$ cat protein.cif   # mmCIF, C-alpha atoms
data_structure
loop_
_atom_site.label_atom_id
_atom_site.label_comp_id
_atom_site.auth_asym_id
_atom_site.auth_seq_id
_atom_site.Cartn_x
_atom_site.Cartn_y
_atom_site.Cartn_z
CA MET A 1079 -26.08 239.26 51.90
CA LEU A 1080 -23.23 241.77 51.92
CA ALA A 1081 -22.50 243.60 55.15
CA LEU A 1082 -22.04 247.34 55.22
CA PRO A 1083 -18.99 248.63 57.12
CA LEU A 1084 -21.18 249.89 59.96
CA ARG A 1085 -22.07 248.55 63.36
CA LEU A 1086 -24.93 249.80 65.49
CA SER A 1087 -25.01 247.94 68.80
CA LEU A 1088 -27.92 248.43 71.17
CA ARG A 1089 -27.90 247.25 74.75
CA PRO A 1090 -29.96 246.36 76.64
CA HIS A 1091 -33.07 247.87 74.93
CA LEU A 1092 -33.79 250.61 72.48
CA PHE A 1093 -35.93 249.45 69.58
CA GLY A 1094 -37.48 246.23 70.80
CA THR A 1095 -37.16 244.67 67.34
CA GLN A 1096 -34.74 244.21 64.48
CA ASN A 1097 -33.81 247.37 62.64
CA ARG A 1098 -32.49 247.79 59.14
CA LEU A 1099 -29.83 249.98 57.58
CA VAL A 1100 -30.32 250.08 53.79
CA THR A 1101 -28.19 251.48 51.01
CA SER A 1102 -30.53 252.17 48.12
CA SER A 1103 -27.66 252.63 45.68
CA SER A 1104 -26.70 248.96 45.86
CA GLN A 1105 -29.79 247.47 47.54
CA ARG A 1106 -27.56 245.95 50.22
CA SER A 1107 -28.87 245.74 53.74
CA VAL A 1108 -27.80 244.87 57.25
CA LEU A 1109 -30.20 243.66 59.93
CA LEU A 1110 -29.19 244.95 63.34
CA SER A 1111 -30.42 243.09 66.39
CA PRO A 1112 -30.35 244.54 69.92
CA ARG A 1113 -28.64 242.55 72.66
CA ASN A 1114 -30.49 241.58 75.84
CA VAL A 1115 -33.78 242.83 74.43
CA SER A 1116 -37.08 242.22 76.16
CA ARG A 1117 -39.26 241.42 73.16
CA ASN A 1118 -43.02 241.22 73.02
CA GLY A 1119 -43.13 239.12 69.87
CA SER A 1120 -44.43 241.88 67.63
CA ASP A 1121 -42.59 244.20 65.27
CA LEU A 1122 -42.85 247.97 65.28
CA ASN A 1123 -45.14 249.19 62.54
CA ALA A 1124 -44.74 252.25 60.36
CA SER A 1125 -46.77 254.46 62.68
CA GLU A 1126 -44.43 253.67 65.60
CA THR A 1127 -41.15 254.54 63.91
CA GLY A 1128 -39.66 257.46 62.09
CA THR A 1129 -37.35 256.84 59.13
CA VAL A 1130 -34.63 259.21 58.00
CA LYS A 1131 -32.42 259.13 54.90
CA THR A 1132 -29.08 260.80 54.38
CA ASN A 1133 -27.25 261.79 51.23
CA ASP A 1134 -25.38 258.50 51.55
CA PHE A 1135 -28.67 256.63 51.06
CA VAL A 1136 -28.58 255.17 54.56
CA SER A 1137 -31.87 254.97 56.40
CA LEU A 1138 -32.33 254.42 60.12
CA SER A 1139 -35.63 253.89 61.91
CA LEU A 1140 -36.19 254.77 65.57
CA PRO A 1141 -39.32 254.53 67.71
CA LYS A 1142 -40.90 257.96 68.08
CA ASP A 1143 -40.78 257.65 71.87
CA SER A 1144 -37.02 256.98 71.86
CA PRO A 1145 -34.90 259.63 73.61
CA LEU A 1146 -32.90 259.79 70.37
CA SER A 1147 -35.89 260.21 68.07
CA GLY A 1148 -35.28 263.11 65.70
CA LEU A 1149 -31.51 262.68 65.82
CA GLU A 1150 -31.33 259.96 63.18
CA ASP A 1151 -29.44 262.10 60.68
CA LEU A 1152 -26.91 263.04 63.32
CA LEU A 1153 -26.36 259.45 64.48
CA VAL A 1154 -25.92 258.15 60.95
CA SER A 1155 -23.47 260.98 60.24
CA PHE A 1156 -21.41 259.89 63.23
CA ILE A 1157 -21.40 256.27 62.10
CA LEU A 1158 -20.27 257.39 58.65
CA GLY A 1159 -17.45 259.46 60.17
CA LYS A 1160 -18.94 262.85 59.28
CA LYS A 1161 -19.65 264.06 62.82
CA LYS A 1162 -17.39 264.08 65.86
CA ALA A 1163 -18.40 262.00 68.86
CA THR A 1164 -18.37 265.01 71.18
CA GLU A 1165 -20.54 267.00 68.79
CA VAL A 1166 -23.14 264.24 68.80
CA ALA A 1167 -22.93 263.88 72.58
CA HIS A 1168 -23.55 267.59 73.16
CA LEU A 1169 -26.67 267.55 71.00
CA VAL A 1170 -27.99 264.52 72.85
CA TRP A 1171 -27.35 266.27 76.18
CA LYS A 1172 -29.52 269.16 75.05
CA ARG A 1173 -32.43 266.72 74.82
CA VAL A 1174 -32.07 265.93 78.51
CA VAL A 1175 -30.52 268.84 80.42
CA GLN A 1176 -32.71 271.68 81.68
CA LYS A 1177 -31.93 275.16 82.98
CA GLY A 1178 -31.06 275.07 86.68
CA ASP A 1179 -29.96 271.43 86.63
CA THR A 1180 -26.97 269.93 88.39
CA VAL A 1181 -24.62 268.07 86.05
CA ILE A 1182 -21.20 266.43 86.28
CA ASP A 1183 -18.26 266.47 83.89
CA ALA A 1184 -16.46 263.42 85.24
CA THR A 1185 -13.38 263.99 83.05
CA CYS A 1186 -12.81 267.68 82.38
CA GLY A 1187 -9.99 267.33 79.86
CA ASN A 1188 -9.53 270.63 78.05
CA GLY A 1189 -12.85 271.98 79.32
CA HIS A 1190 -15.03 271.91 76.22
CA ASP A 1191 -17.60 269.56 77.78
CA THR A 1192 -17.65 271.62 80.96
CA LEU A 1193 -18.34 274.77 78.95
CA ALA A 1194 -21.10 273.07 76.96
CA MET A 1195 -22.76 271.87 80.17
CA LEU A 1196 -22.59 275.33 81.72
CA LYS A 1197 -24.36 276.87 78.75
CA MET A 1198 -27.12 274.29 79.14
CA VAL A 1199 -27.79 274.71 82.86
CA ALA A 1200 -27.17 278.44 83.46
CA ASP A 1201 -30.32 280.56 83.42
CA GLU A 1202 -30.91 284.31 83.78
CA SER A 1203 -30.89 284.05 87.57
CA CYS A 1204 -27.57 282.14 87.39
CA LYS A 1205 -28.89 278.92 88.82
CA GLY A 1206 -27.62 275.50 87.91
CA SER A 1207 -24.43 273.73 88.88
CA VAL A 1208 -21.60 272.04 87.00
CA TYR A 1209 -19.20 269.81 88.92
CA GLY A 1210 -16.00 269.15 87.00
CA MET A 1211 -13.39 266.56 87.93
CA ASP A 1212 -9.99 265.49 86.68
CA ILE A 1213 -6.92 263.89 88.23
CA GLN A 1214 -4.58 266.14 86.21
CA GLU A 1215 -4.03 269.69 87.40
CA VAL A 1216 -3.18 270.76 83.85
CA ALA A 1217 -6.66 269.69 82.75
CA LEU A 1218 -8.31 271.74 85.48
CA GLN A 1219 -6.14 274.73 84.59
CA LYS A 1220 -7.12 274.48 80.92
CA THR A 1221 -10.77 274.15 81.86
CA SER A 1222 -10.62 277.17 84.13
CA SER A 1223 -8.85 279.24 81.45
CA LEU A 1224 -11.43 278.30 78.82
CA LEU A 1225 -14.27 279.33 81.11
CA GLU A 1226 -12.62 282.67 81.88
CA GLU A 1227 -12.35 283.36 78.15
CA SER A 1228 -15.87 282.23 77.31
CA VAL A 1229 -18.36 283.12 80.05
CA SER A 1230 -19.17 285.85 82.54
CA LEU A 1231 -17.88 285.79 86.10
CA ASN A 1232 -21.37 284.97 87.39
CA GLU A 1233 -21.62 282.01 85.06
CA LYS A 1234 -18.15 280.76 85.93
CA GLU A 1235 -19.10 280.70 89.60
CA LEU A 1236 -21.64 277.99 88.76
CA VAL A 1237 -18.75 275.65 87.95
CA LYS A 1238 -16.90 273.87 90.72
CA LEU A 1239 -13.68 272.09 89.74
CA PHE A 1240 -12.09 269.30 91.76
CA SER A 1241 -8.76 267.50 91.52
CA LYS A 1242 -10.28 264.07 92.13
CA CYS A 1243 -10.78 260.75 90.40
CA HIS A 1244 -14.18 260.39 88.76
CA SER A 1245 -14.89 257.39 91.00
CA LYS A 1246 -15.21 259.85 93.90
CA MET A 1247 -17.80 262.17 92.39
CA HIS A 1248 -20.18 261.49 95.27
CA GLU A 1249 -17.65 263.12 97.62
CA VAL A 1250 -17.92 266.52 95.92
CA LEU A 1251 -21.71 266.71 95.75
CA PRO A 1252 -23.80 268.22 98.54
CA ARG A 1253 -25.70 265.59 100.46
CA ASP A 1254 -28.82 264.18 98.74
CA THR A 1255 -28.01 265.96 95.47
CA CYS A 1256 -29.26 264.25 92.32
CA VAL A 1257 -27.93 265.09 88.88
CA ARG A 1258 -29.42 265.21 85.39
CA LEU A 1259 -26.28 264.33 83.43
CA VAL A 1260 -22.98 262.59 84.12
CA ALA A 1261 -20.58 262.70 81.17
CA PHE A 1262 -17.34 260.81 80.60
CA ASN A 1263 -14.62 261.14 77.98
CA LEU A 1264 -12.56 258.00 78.53
CA GLY A 1265 -8.94 257.91 77.41
CA TYR A 1266 -6.13 260.44 77.79
CA LEU A 1267 -5.99 264.23 77.84
CA PRO A 1268 -5.85 265.52 74.25
CA GLY A 1269 -2.50 267.25 73.85
CA GLY A 1270 -1.32 265.93 77.20
CA ASP A 1271 0.60 262.98 78.57
CA LYS A 1272 -0.73 259.92 76.72
CA THR A 1273 0.52 257.59 79.43
CA ILE A 1274 -2.01 259.02 81.90
CA ILE A 1275 -5.35 257.42 81.01
CA THR A 1276 -8.66 256.58 82.61
CA GLU A 1277 -8.61 253.04 83.98
CA SER A 1278 -11.19 250.28 83.90
CA GLY A 1279 -11.38 249.80 87.66
CA THR A 1280 -12.06 253.41 88.58
CA THR A 1281 -14.34 253.91 85.59
CA LEU A 1282 -16.50 251.00 86.74
CA LYS A 1283 -16.70 252.50 90.25
CA ALA A 1284 -17.62 255.87 88.73
CA LEU A 1285 -20.43 254.32 86.68
CA GLU A 1286 -21.84 252.66 89.79
CA VAL A 1287 -21.86 256.02 91.57
CA ALA A 1288 -23.36 257.81 88.57
CA LYS A 1289 -26.15 255.24 88.37
CA ASP A 1290 -27.15 255.91 91.97
CA ILE A 1291 -27.07 259.73 91.87
CA LEU A 1292 -28.84 260.17 88.52
CA LEU A 1293 -32.35 261.60 88.42
CA PRO A 1294 -35.12 259.67 86.64
CA GLY A 1295 -35.07 260.99 83.09
CA GLY A 1296 -31.33 261.66 83.37
CA LEU A 1297 -28.45 260.51 81.22
CA ILE A 1298 -25.03 258.92 81.62
CA SER A 1299 -23.03 259.78 78.50
CA LEU A 1300 -19.73 258.17 77.51
CA VAL A 1301 -17.33 258.82 74.68
CA VAL A 1302 -14.93 255.89 74.85
CA TYR A 1303 -11.65 256.39 73.01
CA VAL A 1304 -10.09 253.05 72.14
CA GLY A 1305 -7.01 254.01 70.08
CA HIS A 1306 -4.55 253.63 72.93
CA PRO A 1307 -3.33 250.76 75.16
CA GLY A 1308 -6.10 249.84 77.56
CA GLY A 1309 -8.83 251.52 75.52
CA TRP A 1310 -10.55 248.37 74.30
CA GLU A 1311 -10.38 246.80 77.74
CA GLU A 1312 -12.07 249.84 79.24
CA LEU A 1313 -14.81 249.66 76.59
CA GLN A 1314 -15.43 246.04 77.53
CA ILE A 1315 -15.82 247.01 81.18
CA VAL A 1316 -18.36 249.67 80.17
CA GLN A 1317 -20.24 247.12 78.05
CA GLN A 1318 -20.31 244.62 80.92
CA PHE A 1319 -21.71 247.31 83.24
CA VAL A 1320 -24.38 248.26 80.72
CA SER A 1321 -25.41 244.66 80.07
CA LYS A 1322 -26.43 244.29 83.73
CA LEU A 1323 -28.73 247.32 83.80
CA SER A 1324 -32.45 246.60 84.06
CA VAL A 1325 -34.41 246.90 80.82
CA LYS A 1326 -37.33 248.25 82.84
CA LYS A 1327 -35.25 251.06 84.34
CA TRP A 1328 -32.76 251.94 81.55
CA ILE A 1329 -32.65 252.61 77.83
CA CYS A 1330 -29.10 251.99 76.63
CA CYS A 1331 -27.43 252.24 73.24
CA GLU A 1332 -23.99 252.15 71.67
CA TYR A 1333 -22.78 253.56 68.35
CA GLN A 1334 -19.57 252.70 66.54
CA SER A 1335 -18.26 252.56 63.00
CA SER A 1336 -16.79 249.07 62.65
CA ASN A 1337 -14.48 249.73 59.69
CA ARG A 1338 -12.71 252.53 61.57
CA SER A 1339 -11.48 250.37 64.42
CA TRP A 1340 -9.81 253.22 66.34
CA SER A 1341 -12.74 255.62 66.18
CA PRO A 1342 -14.41 256.51 69.50
CA VAL A 1343 -17.51 254.68 70.69
CA LEU A 1344 -20.60 256.55 71.86
CA VAL A 1345 -22.61 255.07 74.73
CA PHE A 1346 -25.81 256.62 76.10
CA LEU A 1347 -27.58 255.34 79.22
CA PHE A 1348 -30.99 256.92 79.76
CA LYS A 1349 -32.65 256.37 83.15
CA ARG A 1350 -36.37 255.86 82.69
CA CYS A 1351 -38.79 258.16 84.51
#
$ encode --input "protein.cif" --output "structure tokens"
Amino acid sequence: MLALPLRLSLRPHLFGTQNRLVTSSSQRSVLLSPRNVSRNGSDLNASETGTVKTNDFVSLSLPKDSPLSGLEDLLVSFILGKKKATEVAHLVWKRVVQKGDTVIDATCGNGHDTLAMLKMVADESCKGSVYGMDIQEVALQKTSSLLEESVSLNEKELVKLFSKCHSKMHEVLPRDTCVRLVAFNLGYLPGGDKTIITESGTTLKALEVAKDILLPGGLISLVVYVGHPGGWEELQIVQQFVSKLSVKKWICCEYQSSNRSWSPVLVFLFKRC
């Protein structure tokens, strides 16, 4: 059997069975098996999954009750290098975030994630809250400038920016506040100093905090950039964290194109209701 240059890693549970990517042009296939899966011994049947095909003749089946169901085209496009990781992440967030929610941008960067979150939570009565964090003042300045250019003053007031490490996000939240989304872009500031990066130790602490403050039905979203020193090590720390999450409480999945070794990795951690 010939392997396609794609990898779809799922941990600890998404499908509950083996899943197949097929290229009809060459009749080659790859069987993809989830890690740490709690299996019931039976396969999903056709009525339990939805299958989507792209122009590249790749098909991907997802259970209809999956949080990602309906996004198959988008996910395959990312794996094939046709969609940006952040573009995919934003569309997944829209499946989870509601108007009036509290959300956290744990790594503001240039502010594009913060802006996307604000558009998702702000309603006509200007409710909702976005907490943005970054250790670099230049990142907070760029985020603030982008918001001033893009939203009304009332909307901008829903965003609170903090010069803090993402591991301390619990310090900026009002007491007993739970959040719907915590998002991370792990790596360095695009266009900034490439020697200043997120680090495995503080990222692990941040994930532990995010796990505890997340609402049932909420999402921890990570775009892990690996094309810099320390990037792969940080991804491994994320993977180790995910592997310890309870199958009964979390639905977790990871997407990466394996023949583009420096491409970012998408990780989604859905907290079950």
$ atom_distance --input "protein.cif" --atom1 "atom CA of Gly1210 of chain A" --atom2 "atom CA of Val1175 of chain A"
15.9 Å
$ residues_around --input "protein.cif" --residues "Ser1341 of chain A" --least-positions-apart "6" --cutoff "9 Å" --atoms "all atoms listed in the file" --output "NGL selection string"
:A and (1159 or 1163 or 1302-1305 or 1334-1335)
$ write_last_selection --input "protein.cif" --atoms "C-alpha atoms" --output "PDB file, keeping the file's coordinate frame"
ATOM      1  CA  GLY A1159     -17.450 259.460  60.170  1.00  0.00           C
ATOM      2  CA  ALA A1163     -18.400 262.000  68.860  1.00  0.00           C
ATOM      3  CA  VAL A1302     -14.930 255.890  74.850  1.00  0.00           C
ATOM      4  CA  TYR A1303     -11.650 256.390  73.010  1.00  0.00           C
ATOM      5  CA  VAL A1304     -10.090 253.050  72.140  1.00  0.00           C
ATOM      6  CA  GLY A1305      -7.010 254.010  70.080  1.00  0.00           C
ATOM      7  CA  GLN A1334     -19.570 252.700  66.540  1.00  0.00           C
ATOM      8  CA  SER A1335     -18.260 252.560  63.000  1.00  0.00           C
TER       9      SER A1335
END
$ residues_around --input "protein.cif" --residues "Ile1298 of chain A" --least-positions-apart "2" --cutoff "6 Å" --atoms "only C-alpha atoms" --output "PDB file with C-alpha atoms, keeping the file's coordinate frame"
ATOM      1  CA  LEU A1259     -26.280 264.330  83.430  1.00  0.00           C
ATOM      2  CA  VAL A1260     -22.980 262.590  84.120  1.00  0.00           C
ATOM      3  CA  ALA A1261     -20.580 262.700  81.170  1.00  0.00           C
ATOM      4  CA  LEU A1347     -27.580 255.340  79.220  1.00  0.00           C
TER       5      LEU A1347
END
$ atom_distance --input "protein.cif" --atom1 "atom CA of Val1181 of chain A" --atom2 "atom CA of Val1199 of chain A"
8.0 Å
$ resolve_selection --input "protein.cif" --expression "the PyMOL selection byres ((chain A and resi 1152) around 12)" --output "count of residues only"
31
$ resolve_selection --input "protein.cif" --expression "the PyMOL selection byres ((chain A and resi 1297) around 12)" --output "MDAnalysis selection string"
chainID A and resid 1145:1146 1167:1168 1170:1176 1180:1182 1256:1262 1285 1288:1296 1298:1300 1328:1331 1345:1351
$ closest_residue --input "protein.cif" --among "A:Cys1204, A:Ile1275, A:Leu1264, A:Ile1315" --to "Ala1184 of chain A" --atoms "all atoms listed in the file"
A:Leu1264
$ atom_distance --input "protein.cif" --atom1 "atom CA of Lys1242 of chain A" --atom2 "atom CA of Gln1314 of chain A"
23.8 Å
$ residues_near_point --input "protein.cif" --point "(-6.2, 256.0, 80.7)" --cutoff "9 Å" --atoms "all atoms listed in the file" --output "PDB file with C-alpha atoms, in the frame of the given file"
ATOM      1  CA  LEU A1264     -12.560 258.000  78.530  1.00  0.00           C
ATOM      2  CA  GLY A1265      -8.940 257.910  77.410  1.00  0.00           C
ATOM      3  CA  TYR A1266      -6.130 260.440  77.790  1.00  0.00           C
ATOM      4  CA  LEU A1267      -5.990 264.230  77.840  1.00  0.00           C
ATOM      5  CA  LYS A1272      -0.730 259.920  76.720  1.00  0.00           C
ATOM      6  CA  THR A1273       0.520 257.590  79.430  1.00  0.00           C
ATOM      7  CA  ILE A1274      -2.010 259.020  81.900  1.00  0.00           C
ATOM      8  CA  ILE A1275      -5.350 257.420  81.010  1.00  0.00           C
ATOM      9  CA  THR A1276      -8.660 256.580  82.610  1.00  0.00           C
ATOM     10  CA  GLU A1277      -8.610 253.040  83.980  1.00  0.00           C
ATOM     11  CA  SER A1278     -11.190 250.280  83.900  1.00  0.00           C
ATOM     12  CA  HIS A1306      -4.550 253.630  72.930  1.00  0.00           C
ATOM     13  CA  PRO A1307      -3.330 250.760  75.160  1.00  0.00           C
ATOM     14  CA  GLY A1308      -6.100 249.840  77.560  1.00  0.00           C
ATOM     15  CA  GLY A1309      -8.830 251.520  75.520  1.00  0.00           C
ATOM     16  CA  GLU A1312     -12.070 249.840  79.240  1.00  0.00           C
TER      17      GLU A1312
END
$ residues_around --input "protein.cif" --residues "segment 1220-1236 of chain A" --least-positions-apart "3" --cutoff "6 Å" --atoms "all atoms listed in the file" --output "list of chain:residue names"
A:Asn1188, A:Gly1189, A:Ser1207, A:Ala1217
$ write_last_selection --input "protein.cif" --atoms "C-alpha atoms" --output "PDB file, keeping the file's coordinate frame"
ATOM      1  CA  ASN A1188      -9.530 270.630  78.050  1.00  0.00           C
ATOM      2  CA  GLY A1189     -12.850 271.980  79.320  1.00  0.00           C
ATOM      3  CA  SER A1207     -24.430 273.730  88.880  1.00  0.00           C
ATOM      4  CA  ALA A1217      -6.660 269.690  82.750  1.00  0.00           C
TER       5      ALA A1217
END
$ resolve_selection --input "protein.cif" --expression "the PyMOL selection byres ((chain A and resi 1212) around 6)" --output "list in words"
Thr1185, Cys1186, Met1211, Ile1213, Gln1214, Ser1241 and Lys1242 of chain A
